[in-house]
$ cat structure.pdb   # PDB, C-alpha atoms, pLDDT in the B column
ATOM      1  CA  MET A   1     -16.112 -10.642  -7.141  1.00 65.00           C
ATOM      2  CA  GLU A   2     -19.158  -8.537  -6.379  1.00 69.00           C
ATOM      3  CA  ALA A   3     -18.254  -5.147  -4.903  1.00 66.00           C
ATOM      4  CA  ALA A   4     -21.006  -5.499  -2.306  1.00 72.00           C
ATOM      5  CA  LEU A   5     -19.490  -8.742  -1.018  1.00 82.00           C
ATOM      6  CA  LEU A   6     -16.036  -7.171  -0.862  1.00 85.00           C
ATOM      7  CA  ILE A   7     -17.447  -4.232   1.070  1.00 86.00           C
ATOM      8  CA  GLU A   8     -19.754  -6.177   3.375  1.00 84.00           C
ATOM      9  CA  SER A   9     -16.962  -8.568   4.322  1.00 88.00           C
ATOM     10  CA  GLY A  10     -14.444  -5.731   4.804  1.00 89.00           C
ATOM     11  CA  ILE A  11     -12.045  -7.250   2.272  1.00 91.00           C
ATOM     12  CA  HIS A  12     -12.012  -3.977   0.301  1.00 89.00           C
ATOM     13  CA  LYS A  13      -9.906  -2.434   3.090  1.00 91.00           C
ATOM     14  CA  LYS A  14      -7.091  -4.883   2.265  1.00 92.00           C
ATOM     15  CA  LEU A  15      -7.105  -4.196  -1.477  1.00 91.00           C
ATOM     16  CA  ASP A  16      -5.163  -1.610  -3.453  1.00 89.00           C
ATOM     17  CA  GLY A  17      -8.440  -0.415  -4.940  1.00 91.00           C
ATOM     18  CA  LEU A  18     -12.039  -1.219  -5.692  1.00 92.00           C
ATOM     19  CA  VAL A  19     -13.580  -1.006  -9.162  1.00 93.00           C
ATOM     20  CA  VAL A  20     -17.353  -0.640  -9.249  1.00 93.00           C
ATOM     21  CA  ALA A  21     -19.293  -1.091 -12.485  1.00 94.00           C
ATOM     22  CA  TRP A  22     -22.722   0.466 -12.287  1.00 95.00           C
ATOM     23  CA  CYS A  23     -25.727   1.565 -14.324  1.00 96.00           C
ATOM     24  CA  GLU A  24     -28.931   3.466 -13.744  1.00 94.00           C
ATOM     25  CA  PRO A  25     -31.498   1.640 -11.551  1.00 93.00           C
ATOM     26  CA  GLN A  26     -34.032   1.195 -14.369  1.00 95.00           C
ATOM     27  CA  GLN A  27     -31.326  -0.307 -16.584  1.00 96.00           C
ATOM     28  CA  GLN A  28     -30.287  -2.663 -13.795  1.00 95.00           C
ATOM     29  CA  LEU A  29     -33.878  -3.863 -13.500  1.00 97.00           C
ATOM     30  CA  GLU A  30     -34.246  -4.277 -17.272  1.00 97.00           C
ATOM     31  CA  ARG A  31     -30.970  -6.186 -17.536  1.00 96.00           C
ATOM     32  CA  LEU A  32     -31.909  -8.611 -14.774  1.00 96.00           C
ATOM     33  CA  VAL A  33     -35.271  -9.256 -16.418  1.00 98.00           C
ATOM     34  CA  ALA A  34     -33.495  -9.794 -19.760  1.00 97.00           C
ATOM     35  CA  ARG A  35     -31.353 -12.446 -18.028  1.00 96.00           C
ATOM     36  CA  GLY A  36     -34.483 -14.387 -17.091  1.00 97.00           C
ATOM     37  CA  LEU A  37     -35.572 -13.058 -13.715  1.00 97.00           C
ATOM     38  CA  SER A  38     -39.163 -11.961 -13.222  1.00 97.00           C
ATOM     39  CA  GLU A  39     -39.570  -8.275 -12.473  1.00 97.00           C
ATOM     40  CA  ALA A  40     -40.478  -9.127  -8.866  1.00 98.00           C
ATOM     41  CA  GLU A  41     -37.364 -11.311  -8.478  1.00 97.00           C
ATOM     42  CA  ALA A  42     -35.200  -8.609 -10.010  1.00 97.00           C
ATOM     43  CA  ARG A  43     -36.603  -5.968  -7.660  1.00 97.00           C
ATOM     44  CA  ARG A  44     -36.007  -8.241  -4.654  1.00 96.00           C
ATOM     45  CA  ARG A  45     -32.415  -8.827  -5.733  1.00 93.00           C
ATOM     46  CA  ILE A  46     -31.776  -5.101  -6.162  1.00 93.00           C
ATOM     47  CA  VAL A  47     -33.286  -4.257  -2.764  1.00 93.00           C
ATOM     48  CA  ALA A  48     -31.215  -6.996  -1.090  1.00 90.00           C
ATOM     49  CA  GLN A  49     -27.964  -5.536  -2.438  1.00 87.00           C
ATOM     50  CA  LEU A  50     -25.872  -2.777  -0.976  1.00 87.00           C
ATOM     51  CA  PRO A  51     -27.062   0.487  -2.564  1.00 91.00           C
ATOM     52  CA  VAL A  52     -25.081   1.590  -5.614  1.00 91.00           C
ATOM     53  CA  ALA A  53     -24.388   4.964  -3.985  1.00 93.00           C
ATOM     54  CA  GLU A  54     -22.632   3.214  -1.093  1.00 91.00           C
ATOM     55  CA  LYS A  55     -20.532   1.074  -3.438  1.00 90.00           C
ATOM     56  CA  LEU A  56     -19.605   4.136  -5.505  1.00 94.00           C
ATOM     57  CA  ARG A  57     -18.629   6.067  -2.366  1.00 94.00           C
ATOM     58  CA  LEU A  58     -16.012   3.414  -1.577  1.00 92.00           C
ATOM     59  CA  ALA A  59     -14.825   2.858  -5.154  1.00 94.00           C
ATOM     60  CA  THR A  60     -11.391   3.977  -6.260  1.00 95.00           C
ATOM     61  CA  GLU A  61     -12.426   3.479  -9.892  1.00 96.00           C
ATOM     62  CA  LYS A  62     -15.884   3.557 -11.461  1.00 97.00           C
ATOM     63  CA  ILE A  63     -17.160   2.101 -14.720  1.00 97.00           C
ATOM     64  CA  ASP A  64     -20.429   3.685 -15.869  1.00 98.00           C
ATOM     65  CA  CYS A  65     -22.273   0.945 -17.766  1.00 97.00           C
ATOM     66  CA  SER A  66     -25.361   3.055 -18.431  1.00 96.00           C
ATOM     67  CA  GLY A  67     -24.202   4.075 -21.907  1.00 96.00           C
ATOM     68  CA  SER A  68     -23.493   1.986 -24.965  1.00 95.00           C
ATOM     69  CA  LEU A  69     -21.430  -1.179 -24.882  1.00 95.00           C
ATOM     70  CA  GLU A  70     -18.723   0.674 -26.830  1.00 98.00           C
ATOM     71  CA  GLN A  71     -18.636   3.453 -24.208  1.00 98.00           C
ATOM     72  CA  THR A  72     -18.295   0.856 -21.457  1.00 98.00           C
ATOM     73  CA  ARG A  73     -15.523  -0.959 -23.347  1.00 98.00           C
ATOM     74  CA  LEU A  74     -13.640   2.320 -23.757  1.00 98.00           C
ATOM     75  CA  GLN A  75     -13.803   2.961 -20.015  1.00 98.00           C
ATOM     76  CA  VAL A  76     -12.570  -0.563 -19.290  1.00 98.00           C
ATOM     77  CA  GLN A  77      -9.721  -0.228 -21.779  1.00 98.00           C
ATOM     78  CA  THR A  78      -8.738   3.135 -20.304  1.00 98.00           C
ATOM     79  CA  LEU A  79      -8.749   1.708 -16.791  1.00 98.00           C
ATOM     80  CA  ALA A  80      -6.786  -1.371 -17.887  1.00 97.00           C
ATOM     81  CA  GLY A  81      -4.124   0.890 -19.396  1.00 97.00           C
ATOM     82  CA  LYS A  82      -3.975   2.963 -16.225  1.00 96.00           C
ATOM     83  CA  LEU A  83      -3.564  -0.163 -14.096  1.00 94.00           C
ATOM     84  CA  ARG A  84      -0.856  -1.553 -16.390  1.00 94.00           C
ATOM     85  CA  ARG A  85       1.062   1.736 -16.200  1.00 94.00           C
ATOM     86  CA  ALA A  86       0.757   1.754 -12.403  1.00 89.00           C
ATOM     87  CA  GLN A  87       2.007  -1.841 -12.231  1.00 88.00           C
ATOM     88  CA  THR A  88       4.970  -1.028 -14.477  1.00 91.00           C
ATOM     89  CA  ALA A  89       5.865   1.992 -12.320  1.00 89.00           C
ATOM     90  CA  ARG A  90       6.146  -0.180  -9.192  1.00 81.00           C
TER      91      ARG A  90
END

$ encode --input "structure.pdb" --output "structure tokens"
Amino acid sequence: MEAALLIESGIHKKLDGLVVAWCEPQQQLERLVARGLSEAEARRRIVAQLPVAEKLRLATEKIDCSGSLEQTRLQVQTLAGKLRRAQTAR
């Protein structure tokens, strides 16, 4: 589920944690355009969303997607391992 929706609805307060995946603003714009949105539509979507800084402030875990796909995968794998270890410890 989108972090912004979890935050805006207050559901994040009931969760054990909140993972936010993020990238640099220019990359976000480029990625939305690559998915078929016009630049104007992409900009409107970005402006309508909760600012990344606000989502990151509330995140318990962060995935920086501004690097390579391999770097992002490594972060996800590391987080998955951490979550599995935490679940096993319960």

$ closest_residue --input "structure.pdb" --among "A:Leu18, A:Ala34, A:Thr78, A:Thr72" --to "Ala4 in chain A" --atoms "all atoms listed in the file"
A:Leu18

$ residues_around --input "structure.pdb" --residues "Gln28 in chain A" --least-positions-apart "6" --cutoff "10 Å" --atoms "all atoms listed in the file" --output "list in words"
Trp22, Ala34, Ala42, Arg43, Ile46, Cys65 and Ser66 of chain A

$ residues_around --input "structure.pdb" --residues "Ile63 in chain A" --least-positions-apart "3" --cutoff "10 Å" --atoms "only C-alpha atoms" --output "list in words"
Val19, Val20, Ala21, Trp22, Cys23, Leu56, Ala59, Ser66, Gln71, Thr72, Arg73, Leu74, Gln75, Val76 and Leu79 of chain A

$ write_last_selection --input "structure.pdb" --atoms "C-alpha atoms" --output "PDB file, keeping the file's coordinate frame"
ATOM      1  CA  VAL A  19     -13.580  -1.006  -9.162  1.00 93.00           C
ATOM      2  CA  VAL A  20     -17.353  -0.640  -9.249  1.00 93.00           C
ATOM      3  CA  ALA A  21     -19.293  -1.091 -12.485  1.00 94.00           C
ATOM      4  CA  TRP A  22     -22.722   0.466 -12.287  1.00 95.00           C
ATOM      5  CA  CYS A  23     -25.727   1.565 -14.324  1.00 96.00           C
ATOM      6  CA  LEU A  56     -19.605   4.136  -5.505  1.00 94.00           C
ATOM      7  CA  ALA A  59     -14.825   2.858  -5.154  1.00 94.00           C
ATOM      8  CA  SER A  66     -25.361   3.055 -18.431  1.00 96.00           C
ATOM      9  CA  GLN A  71     -18.636   3.453 -24.208  1.00 98.00           C
ATOM     10  CA  THR A  72     -18.295   0.856 -21.457  1.00 98.00           C
ATOM     11  CA  ARG A  73     -15.523  -0.959 -23.347  1.00 98.00           C
ATOM     12  CA  LEU A  74     -13.640   2.320 -23.757  1.00 98.00           C
ATOM     13  CA  GLN A  75     -13.803   2.961 -20.015  1.00 98.00           C
ATOM     14  CA  VAL A  76     -12.570  -0.563 -19.290  1.00 98.00           C
ATOM     15  CA  LEU A  79      -8.749   1.708 -16.791  1.00 98.00           C
TER      16      LEU A  79
END

$ atom_distance --input "structure.pdb" --atom1 "CA of Leu5 in chain A" --atom2 "CA of Lys55 in chain A"
10.2 Å

$ atom_distance --input "structure.pdb" --atom1 "CA of Gly17 in chain A" --atom2 "CA of Glu61 in chain A"
7.5 Å

$ atom_distance --input "structure.pdb" --atom1 "CA of Thr60 in chain A" --atom2 "CA of Arg44 in chain A"
27.5 Å

$ closest_residue --input "structure.pdb" --among "A:Leu58, A:Ala89, A:Ala80, A:Leu69" --to "Glu8 in chain A" --atoms "only C-alpha atoms"
A:Leu58

$ closest_residue --input "structure.pdb" --among "A:Gly10, A:Gly81, A:Gln87, A:Pro25" --to "Pro51 in chain A" --atoms "only C-alpha atoms"
A:Pro25

$ axis_aligned_box --input "structure.pdb" --around "range 60-79 of chain A" --padding-each-side "6 Å" --output "lines of an AutoDock Vina configuration file"
center_x = -17.0
center_y = 1.4
center_z = -16.5
size_x = 28.6
size_y = 17.3
size_z = 32.6

$ closest_residue --input "structure.pdb" --among "A:Arg57, A:Arg85, A:Leu15, A:Leu29" --to "Arg45 in chain A" --atoms "all atoms listed in the file"
A:Leu29

$ build_atoms --input "structure.pdb" --residues "range 7-32 of chain A" --atoms "N, CA, C and O atoms" --output "PDB file, in the coordinates of the input"
ATOM      1  N   ILE A   7     -17.206  -5.286   0.088  1.00 86.00           N
ATOM      2  CA  ILE A   7     -17.447  -4.232   1.070  1.00 86.00           C
ATOM      3  C   ILE A   7     -18.042  -4.818   2.345  1.00 86.00           C
ATOM      4  O   ILE A   7     -17.567  -4.531   3.446  1.00 86.00           O
ATOM      5  N   GLU A   8     -19.084  -5.618   2.204  1.00 84.00           N
ATOM      6  CA  GLU A   8     -19.754  -6.177   3.375  1.00 84.00           C
ATOM      7  C   GLU A   8     -18.830  -7.037   4.219  1.00 84.00           C
ATOM      8  O   GLU A   8     -18.939  -7.063   5.439  1.00 84.00           O
ATOM      9  N   SER A   9     -17.897  -7.717   3.584  1.00 88.00           N
ATOM     10  CA  SER A   9     -16.962  -8.568   4.322  1.00 88.00           C
ATOM     11  C   SER A   9     -15.749  -7.798   4.842  1.00 88.00           C
ATOM     12  O   SER A   9     -14.967  -8.327   5.624  1.00 88.00           O
ATOM     13  N   GLY A  10     -15.578  -6.547   4.378  1.00 89.00           N
ATOM     14  CA  GLY A  10     -14.444  -5.731   4.804  1.00 89.00           C
ATOM     15  C   GLY A  10     -13.174  -6.002   4.022  1.00 89.00           C
ATOM     16  O   GLY A  10     -12.145  -5.385   4.277  1.00 89.00           O
ATOM     17  N   ILE A  11     -13.231  -6.905   3.051  1.00 91.00           N
ATOM     18  CA  ILE A  11     -12.045  -7.250   2.272  1.00 91.00           C
ATOM     19  C   ILE A  11     -11.528  -6.045   1.494  1.00 91.00           C
ATOM     20  O   ILE A  11     -10.327  -5.911   1.281  1.00 91.00           O
ATOM     21  N   HIS A  12     -12.429  -5.139   1.093  1.00 89.00           N
ATOM     22  CA  HIS A  12     -12.012  -3.977   0.301  1.00 89.00           C
ATOM     23  C   HIS A  12     -10.943  -3.150   1.005  1.00 89.00           C
ATOM     24  O   HIS A  12     -10.127  -2.504   0.363  1.00 89.00           O
ATOM     25  N   LYS A  13     -10.892  -3.200   2.324  1.00 91.00           N
ATOM     26  CA  LYS A  13      -9.906  -2.434   3.090  1.00 91.00           C
ATOM     27  C   LYS A  13      -8.496  -2.989   2.902  1.00 91.00           C
ATOM     28  O   LYS A  13      -7.514  -2.289   3.132  1.00 91.00           O
ATOM     29  N   LYS A  14      -8.385  -4.233   2.462  1.00 92.00           N
ATOM     30  CA  LYS A  14      -7.091  -4.883   2.265  1.00 92.00           C
ATOM     31  C   LYS A  14      -6.617  -4.807   0.818  1.00 92.00           C
ATOM     32  O   LYS A  14      -5.525  -5.261   0.515  1.00 92.00           O
ATOM     33  N   LEU A  15      -7.428  -4.250  -0.055  1.00 91.00           N
ATOM     34  CA  LEU A  15      -7.105  -4.196  -1.477  1.00 91.00           C
ATOM     35  C   LEU A  15      -6.455  -2.867  -1.833  1.00 91.00           C
ATOM     36  O   LEU A  15      -6.624  -1.872  -1.129  1.00 91.00           O
ATOM     37  N   ASP A  16      -5.748  -2.851  -2.943  1.00 89.00           N
ATOM     38  CA  ASP A  16      -5.163  -1.610  -3.453  1.00 89.00           C
ATOM     39  C   ASP A  16      -6.233  -0.672  -3.987  1.00 89.00           C
ATOM     40  O   ASP A  16      -6.040   0.533  -4.048  1.00 89.00           O
ATOM     41  N   GLY A  17      -7.361  -1.226  -4.405  1.00 91.00           N
ATOM     42  CA  GLY A  17      -8.440  -0.415  -4.940  1.00 91.00           C
ATOM     43  C   GLY A  17      -9.679  -1.253  -5.155  1.00 91.00           C
ATOM     44  O   GLY A  17      -9.655  -2.476  -5.036  1.00 91.00           O
ATOM     45  N   LEU A  18     -10.762  -0.563  -5.465  1.00 92.00           N
ATOM     46  CA  LEU A  18     -12.039  -1.219  -5.692  1.00 92.00           C
ATOM     47  C   LEU A  18     -12.676  -0.608  -6.933  1.00 92.00           C
ATOM     48  O   LEU A  18     -12.893   0.593  -6.998  1.00 92.00           O
ATOM     49  N   VAL A  19     -12.935  -1.447  -7.934  1.00 93.00           N
ATOM     50  CA  VAL A  19     -13.580  -1.006  -9.162  1.00 93.00           C
ATOM     51  C   VAL A  19     -15.055  -1.382  -9.074  1.00 93.00           C
ATOM     52  O   VAL A  19     -15.385  -2.538  -8.813  1.00 93.00           O
ATOM     53  N   VAL A  20     -15.912  -0.397  -9.274  1.00 93.00           N
ATOM     54  CA  VAL A  20     -17.353  -0.640  -9.249  1.00 93.00           C
ATOM     55  C   VAL A  20     -17.927  -0.308 -10.619  1.00 93.00           C
ATOM     56  O   VAL A  20     -17.759   0.808 -11.110  1.00 93.00           O
ATOM     57  N   ALA A  21     -18.566  -1.297 -11.230  1.00 94.00           N
ATOM     58  CA  ALA A  21     -19.293  -1.091 -12.485  1.00 94.00           C
ATOM     59  C   ALA A  21     -20.751  -0.885 -12.105  1.00 94.00           C
ATOM     60  O   ALA A  21     -21.302  -1.639 -11.309  1.00 94.00           O
ATOM     61  N   TRP A  22     -21.354   0.130 -12.675  1.00 95.00           N
ATOM     62  CA  TRP A  22     -22.722   0.466 -12.287  1.00 95.00           C
ATOM     63  C   TRP A  22     -23.519   0.990 -13.479  1.00 95.00           C
ATOM     64  O   TRP A  22     -22.954   1.362 -14.497  1.00 95.00           O
ATOM     65  N   CYS A  23     -24.837   0.974 -13.334  1.00 96.00           N
ATOM     66  CA  CYS A  23     -25.727   1.565 -14.324  1.00 96.00           C
ATOM     67  C   CYS A  23     -26.912   2.179 -13.587  1.00 96.00           C
ATOM     68  O   CYS A  23     -27.054   2.016 -12.370  1.00 96.00           O
ATOM     69  N   GLU A  24     -27.748   2.848 -14.323  1.00 94.00           N
ATOM     70  CA  GLU A  24     -28.931   3.466 -13.744  1.00 94.00           C
ATOM     71  C   GLU A  24     -29.873   2.375 -13.221  1.00 94.00           C
ATOM     72  O   GLU A  24     -29.920   1.272 -13.780  1.00 94.00           O
ATOM     73  N   PRO A  25     -30.628   2.659 -12.153  1.00 93.00           N
ATOM     74  CA  PRO A  25     -31.498   1.640 -11.551  1.00 93.00           C
ATOM     75  C   PRO A  25     -32.475   0.992 -12.537  1.00 93.00           C
ATOM     76  O   PRO A  25     -32.663  -0.229 -12.502  1.00 93.00           O
ATOM     77  N   GLN A  26     -33.088   1.767 -13.412  1.00 95.00           N
ATOM     78  CA  GLN A  26     -34.032   1.195 -14.369  1.00 95.00           C
ATOM     79  C   GLN A  26     -33.314   0.237 -15.327  1.00 95.00           C
ATOM     80  O   GLN A  26     -33.843  -0.820 -15.667  1.00 95.00           O
ATOM     81  N   GLN A  27     -32.100   0.584 -15.716  1.00 96.00           N
ATOM     82  CA  GLN A  27     -31.326  -0.307 -16.584  1.00 96.00           C
ATOM     83  C   GLN A  27     -30.971  -1.596 -15.853  1.00 96.00           C
ATOM     84  O   GLN A  27     -31.009  -2.676 -16.437  1.00 96.00           O
ATOM     85  N   GLN A  28     -30.622  -1.484 -14.582  1.00 95.00           N
ATOM     86  CA  GLN A  28     -30.287  -2.663 -13.795  1.00 95.00           C
ATOM     87  C   GLN A  28     -31.488  -3.613 -13.756  1.00 95.00           C
ATOM     88  O   GLN A  28     -31.340  -4.817 -13.974  1.00 95.00           O
ATOM     89  N   LEU A  29     -32.661  -3.055 -13.522  1.00 97.00           N
ATOM     90  CA  LEU A  29     -33.878  -3.863 -13.500  1.00 97.00           C
ATOM     91  C   LEU A  29     -34.112  -4.525 -14.859  1.00 97.00           C
ATOM     92  O   LEU A  29     -34.352  -5.735 -14.944  1.00 97.00           O
ATOM     93  N   GLU A  30     -34.027  -3.744 -15.919  1.00 97.00           N
ATOM     94  CA  GLU A  30     -34.246  -4.277 -17.272  1.00 97.00           C
ATOM     95  C   GLU A  30     -33.245  -5.373 -17.617  1.00 97.00           C
ATOM     96  O   GLU A  30     -33.599  -6.380 -18.231  1.00 97.00           O
ATOM     97  N   ARG A  31     -31.997  -5.195 -17.227  1.00 96.00           N
ATOM     98  CA  ARG A  31     -30.970  -6.186 -17.536  1.00 96.00           C
ATOM     99  C   ARG A  31     -31.189  -7.489 -16.777  1.00 96.00           C
ATOM    100  O   ARG A  31     -30.968  -8.579 -17.308  1.00 96.00           O
ATOM    101  N   LEU A  32     -31.617  -7.394 -15.534  1.00 96.00           N
ATOM    102  CA  LEU A  32     -31.909  -8.611 -14.774  1.00 96.00           C
ATOM    103  C   LEU A  32     -33.096  -9.357 -15.373  1.00 96.00           C
ATOM    104  O   LEU A  32     -33.072 -10.588 -15.474  1.00 96.00           O
TER     105      LEU A  32
END
